[in-house]
Amino acid sequence: MKEALPPFATHRVENQPPAFAPRDLWREDAALREAVAAEGGDAHAQALARYGALAGDELYRLSFDAHRDKPRLRQYDAGGQRIDLVEFHPSYHAIIGAAIEHGVAGLSWHRPGPGAHVARAALSYLHHQVEPGTSCPLTMTHAAVPVLRHAPALAEWARKAATPAYDGRDVAAADKPGLTLGMGMTEKQGGSDVRANQTVARPLAGDEYELVGHKWFFSAPMSDAFLVLAQAPAGLSCFLMPRWHPHGGKNALRLMRLKDKLGDWSNASSEVEFQGAWAQRIGEEGRGVATIIEMVMLTRLDCMLGSAAQMRMALAQALHHARHRRSFGKRLIEHALMRNVLADLTIESEAATRFAIRVAGAVDRAGDDPVQAAFARIATAIGKYWICKRAPAFVNEAQECLGGAGYVEESLLPRLYRQAPLNSIWEGSGNIQCLDVLRALGREPQTAQALLAELDAAAGRDADFDAYSTPLREALSGRTAICEAQARLWTERLALSLQAAYLLRSGSPLAGAFCASRLGGGRGQIYGSLHSDESFERALLRAGGE
């Protein structure tokens with residue numbers, strides 16, 4: 001018998017789930033742990049475990065203030081001096097500082113060795129689940145290091161970008177133990193067509209130039225320096241442009257305004273003008289795209305990781321609610337239709353995680369294995385297209401599991417939903433990725449051979465997989481042409497086949513359900529429409545959590 005309510009009490013609070021955090025994001029994610037081990041990152045398991053616990057507790061709590069209090073642009077100080085300063089909530093600095101200290105931006109470079117890229121990818125995946133806004137400068141800092149290493153004069157920049165130390169002060173790079181890097185490629189008239197850029201680079205002396213022009217999207221404007229593209233006398237070239245001039249004082253880059261974005265609120269994105277800004281060329285004049293392409297590949301990998309991470313966090317939120325909330329006499333998770341939805345989401349999440357970590361493994365081995373290098377080259381485009389496209393609908397389905405509570409900020413899901421479309425747009429939208437896949441297959445035959453090797457390694461393990469991948473084998477072998485208008489369809493099929501291959505090869509308990517539902521037609525078009533309930537229990541046990 002329930003206790004009587006005290007006088008004037010309007011109701012008793014019950015049938016509400018406990019607080020979501022703290023969580024151990026590493027311990028609860030069997031798919032992530034197994035994928036990291038399979039790709040050679042097990043030596044870093046203790047570091048990943050520490051960060052998974054930190055991210056799911058302290059960083060999760062700090063992330064709410066970092067998003068509610070958006071960055072503010074201060075162009076002038078009280079005396080009218082131009083300062084071009086972006087101010088952040090202290091939680092932002094605490095979060096990005098913890099991430100850098102734990103290797104999210106630089107572990108691949110300051111602790112090189114087998115599995116380092118895999119471990120760094122897993123750190124990024126754990127971080128992105130709770131605070132995706134800071135993932136932007138973390139990703140760009142990580143991806144800029146190999147580009148900087150092409151210029152011997154920038155060795156100190158590369159070293160400090162890889163150092164696990166954060167200094168958020170607006171001071172010259174020489175006065176900081178560690179640095180962050182941003183990027184500026186997009187201009188008003190060009191978008192993804194960076195060769196249409198109009199910013200001019202005027203030679204000064206040696207590799208030094210002054211830049212005049214603009215960037216329409218200038219990411220993480222409080223970074224210590226930026227990789228930018230500009231038109232030098234011999235054509236589009238790549239440059240390092242610091243916030244502070246190497247001879248003292250602020251560099252001549254002017255922040256015009258911050259973008260008012262759909263999501264990604266904790267991260268500042270800006271419009272900027274260069275009024276004779278000092279920059280140092282990296283690589284040859286006219287070879288800007290070729291110089292910066294390695295950075296683009298690594299940032300695309302982080303787009304995959306980020307979208308997979310958003311799926312995982314959305315799933316965790318939905319599972320937590322369903323395990324504690326009751327309706328019509330049962331917990332939500334005990335209702336057959338809800339079990340179908342959650343099982344379907346679990347299958348999708350694991351496939352995304354496996355694919356992203358597999359690509360990280362290829363990046364890890366690319367320096368010594370040309371087959372892995374070719375696979376990494378094309379798989380980043382395939383995976384970025386598919387996984388990033390899947391995230392928005394996935395997060396929305398997770399919101400539905402909570403009902404109205406999933407539309408309220410305390411659940412984190414509205415933040416994830418606003419964030420979910422970003423990765424499919426950043427670093428080249430869907431069409432750009434698919435055209436890149438066609439371009440790689442047409443110009444680099446080794447990429448097709450690398451994809452065939454991935455499919456061959458899983459052949460004979462599942463009838464649906466074998467049947468679905470047969471047309472792909474014909475296309476990759478050159479017996480079937482792929483026209484541009486069908487590029488999205490073929491890229492989707494490649495992505496699904498690769499996801500199935502990794503689940504089969506790893507022995508995942510969800511491999512059969514993935515192949516039956518995604519390749520064999522055992523599922524409708526909407527999450528929660530699996531035809532068979534045989535996999536529900538297996539998937540829900542696999543999902544982890546309490």
# chains A, B, ... in the order shown; residues from 1 in each chain; ligands from 1
$ residues_around --residues "segment 357-365 of chain A" --least-positions-apart "4" --cutoff "6 Å" --atoms "only C-alpha atoms" --output "ChimeraX atom specification"
/A:39,117-118,369,372,376
$ closest_atom_pairs --of "segment 295-402 of chain A" --to "segment 139-144 of chain A" --cutoff "10 Å" --atoms "only C-alpha atoms" --output "JSON lines"
{"residue": "A:Met295", "atom": "CA", "partner": "A:Ala143", "partner_atom": "CA", "distance": 4.7}
{"residue": "A:Val296", "atom": "CA", "partner": "A:Ala143", "partner_atom": "CA", "distance": 7.5}
{"residue": "A:Met297", "atom": "CA", "partner": "A:Ala143", "partner_atom": "CA", "distance": 8.2}
{"residue": "A:Leu298", "atom": "CA", "partner": "A:Ala143", "partner_atom": "CA", "distance": 5.5}
{"residue": "A:Thr299", "atom": "CA", "partner": "A:Thr139", "partner_atom": "CA", "distance": 6.2}
{"residue": "A:Arg300", "atom": "CA", "partner": "A:Thr139", "partner_atom": "CA", "distance": 9.5}
{"residue": "A:Leu301", "atom": "CA", "partner": "A:Thr139", "partner_atom": "CA", "distance": 9.4}
{"residue": "A:Asp302", "atom": "CA", "partner": "A:Thr139", "partner_atom": "CA", "distance": 6.7}
{"residue": "A:Cys303", "atom": "CA", "partner": "A:Thr139", "partner_atom": "CA", "distance": 9.1}
$ residues_around --residues "segment 216-228 of chain A" --least-positions-apart "2" --cutoff "8 Å" --atoms "only C-alpha atoms" --output "NGL selection string"
:A and (85-86 or 136-137 or 144 or 170 or 172-173 or 179-188 or 214 or 230 or 238-244 or 255 or 267-272)
$ atom_distance --atom1 "atom CA of Phe20 of chain A" --atom2 "atom CA of Ser135 of chain A"
21.9 Å
$ atom_distance --atom1 "atom CA of Leu148 of chain A" --atom2 "atom CA of Leu73 of chain A"
28.3 Å
$ select_by_dssp --residues "segment 277-440 of chain A" --states "alpha helix (DSSP H)" --output "ChimeraX atom specification"
/A:288-324,336-365,370-402,413-419,422-425,430-440
$ write_last_selection --atoms "C-alpha atoms" --output "compact mmCIF listing (two decimals), in the first residue's frame"
# COMPACT_ATOMS: atom_id res chain seq x y z
CA GLY A 288 47.54 22.55 -52.51
CA VAL A 289 44.89 19.86 -52.81
CA ALA A 290 47.47 17.08 -53.06
CA THR A 291 49.25 18.48 -49.98
CA ILE A 292 46.15 18.72 -47.80
CA ILE A 293 44.47 15.50 -48.99
CA GLU A 294 45.94 13.40 -46.16
CA MET A 295 44.32 15.76 -43.67
CA VAL A 296 41.02 15.40 -45.51
CA MET A 297 41.19 11.60 -45.35
CA LEU A 298 41.80 11.66 -41.61
CA THR A 299 39.00 14.13 -40.98
CA ARG A 300 36.64 11.96 -43.02
CA LEU A 301 37.56 9.02 -40.81
CA ASP A 302 36.58 11.10 -37.80
CA CYS A 303 33.26 11.90 -39.46
CA MET A 304 32.63 8.14 -39.59
CA LEU A 305 33.70 7.74 -35.99
CA GLY A 306 31.60 10.70 -34.88
CA SER A 307 28.40 9.46 -36.50
CA ALA A 308 28.96 5.95 -35.15
CA ALA A 309 29.50 7.50 -31.71
CA GLN A 310 26.27 9.49 -31.96
CA MET A 311 24.42 6.28 -32.79
CA ARG A 312 25.95 4.53 -29.82
CA MET A 313 25.04 7.31 -27.37
CA ALA A 314 21.50 7.60 -28.76
CA LEU A 315 21.09 3.84 -28.38
CA ALA A 316 22.42 3.95 -24.81
CA GLN A 317 19.94 6.70 -23.92
CA ALA A 318 17.03 4.74 -25.44
CA LEU A 319 18.03 1.50 -23.71
CA HIS A 320 18.42 3.21 -20.35
CA HIS A 321 14.92 4.68 -20.60
CA ALA A 322 13.33 1.46 -21.84
CA ARG A 323 14.88 -0.62 -19.07
CA HIS A 324 13.44 1.59 -16.33
CA ALA A 336 7.69 -6.98 -28.32
CA LEU A 337 7.51 -4.01 -30.66
CA MET A 338 9.90 -1.93 -28.56
CA ARG A 339 12.29 -4.89 -28.49
CA ASN A 340 12.18 -4.93 -32.29
CA VAL A 341 13.11 -1.24 -32.45
CA LEU A 342 15.93 -1.51 -29.93
CA ALA A 343 17.32 -4.68 -31.49
CA ASP A 344 17.32 -3.07 -34.92
CA LEU A 345 19.12 0.00 -33.59
CA THR A 346 21.67 -2.21 -31.84
CA ILE A 347 22.44 -4.04 -35.08
CA GLU A 348 22.89 -0.75 -36.95
CA SER A 349 25.10 0.72 -34.23
CA GLU A 350 27.45 -2.24 -34.06
CA ALA A 351 27.84 -2.35 -37.84
CA ALA A 352 28.76 1.35 -37.89
CA THR A 353 31.29 0.95 -35.08
CA ARG A 354 32.93 -2.08 -36.66
CA PHE A 355 33.28 -0.33 -40.01
CA ALA A 356 34.78 2.85 -38.55
CA ILE A 357 37.34 1.02 -36.42
CA ARG A 358 38.25 -1.24 -39.35
CA VAL A 359 39.10 1.83 -41.42
CA ALA A 360 41.20 3.15 -38.52
CA GLY A 361 43.08 -0.13 -38.61
CA ALA A 362 43.78 0.33 -42.31
CA VAL A 363 45.09 3.84 -41.64
CA ASP A 364 47.30 2.38 -38.91
CA ARG A 365 48.90 -0.07 -41.34
CA PRO A 370 50.04 -0.61 -49.93
CA VAL A 371 46.87 -2.73 -49.94
CA GLN A 372 45.79 -1.26 -46.62
CA ALA A 373 46.69 2.22 -47.87
CA ALA A 374 44.48 1.72 -50.93
CA PHE A 375 41.65 0.43 -48.79
CA ALA A 376 41.91 3.36 -46.39
CA ARG A 377 41.86 5.76 -49.33
CA ILE A 378 38.51 4.53 -50.67
CA ALA A 379 36.88 3.22 -47.49
CA THR A 380 36.93 6.63 -45.81
CA ALA A 381 34.72 7.97 -48.61
CA ILE A 382 32.43 4.91 -48.56
CA GLY A 383 32.09 4.92 -44.80
CA LYS A 384 31.68 8.67 -44.44
CA TYR A 385 28.86 8.61 -46.97
CA TRP A 386 26.92 5.74 -45.46
CA ILE A 387 27.39 6.00 -41.71
CA CYS A 388 26.88 9.76 -41.67
CA LYS A 389 23.70 9.40 -43.72
CA ARG A 390 22.32 6.86 -41.26
CA ALA A 391 22.84 8.92 -38.11
CA PRO A 392 19.94 11.45 -38.25
CA ALA A 393 17.18 8.85 -38.69
CA PHE A 394 18.83 6.66 -36.06
CA VAL A 395 18.91 9.44 -33.45
CA ASN A 396 15.31 10.38 -34.20
CA GLU A 397 14.21 6.78 -33.64
CA ALA A 398 16.00 6.79 -30.30
CA GLN A 399 14.15 9.99 -29.40
CA GLU A 400 10.86 8.21 -30.09
CA CYS A 401 11.79 5.51 -27.60
CA LEU A 402 11.68 8.21 -24.92
CA LEU A 413 18.99 13.49 -27.55
CA PRO A 414 17.97 16.91 -28.91
CA ARG A 415 21.65 17.87 -28.93
CA LEU A 416 22.52 14.65 -30.75
CA TYR A 417 19.72 15.22 -33.24
CA ARG A 418 20.93 18.73 -34.07
CA GLN A 419 24.45 17.39 -34.40
CA LEU A 422 26.77 17.75 -39.62
CA ASN A 423 29.14 14.91 -40.44
CA SER A 424 27.39 14.17 -43.73
CA ILE A 425 27.97 17.80 -44.78
CA GLY A 430 27.19 12.82 -49.92
CA ASN A 431 27.59 13.42 -53.64
CA ILE A 432 31.24 14.43 -53.18
CA GLN A 433 31.97 11.17 -51.35
CA CYS A 434 30.28 9.04 -53.98
CA LEU A 435 32.06 10.83 -56.82
CA ASP A 436 35.31 10.31 -54.94
CA VAL A 437 34.57 6.58 -54.80
CA LEU A 438 34.06 6.50 -58.58
CA ARG A 439 37.19 8.58 -59.12
CA ALA A 440 39.30 6.27 -56.99
$ residues_around --residues "segment 105-107 of chain A" --least-positions-apart "4" --cutoff "8 Å" --atoms "only C-alpha atoms" --output "MDAnalysis selection string"
chainID A and resid 99:100 111:112 116:117 119:120 124 138:139 141:142 161:164
$ atom_distance --atom1 "atom CA of Gly80 of chain A" --atom2 "atom CA of Trp278 of chain A"
23.1 Å
$ select_by_dssp --residues "segment 219-377 of chain A" --states "strand (DSSP E or B)" --output "PyMOL selection string"
chain A and resi 219+225-232+235-242+244+250+253-258+269-282+326-327+330-331
$ closest_residue --among "A:Tyr209, A:Arg326, A:Arg169, A:Gly133" --to "Arg68 of chain A" --atoms "only C-alpha atoms"
A:Gly133
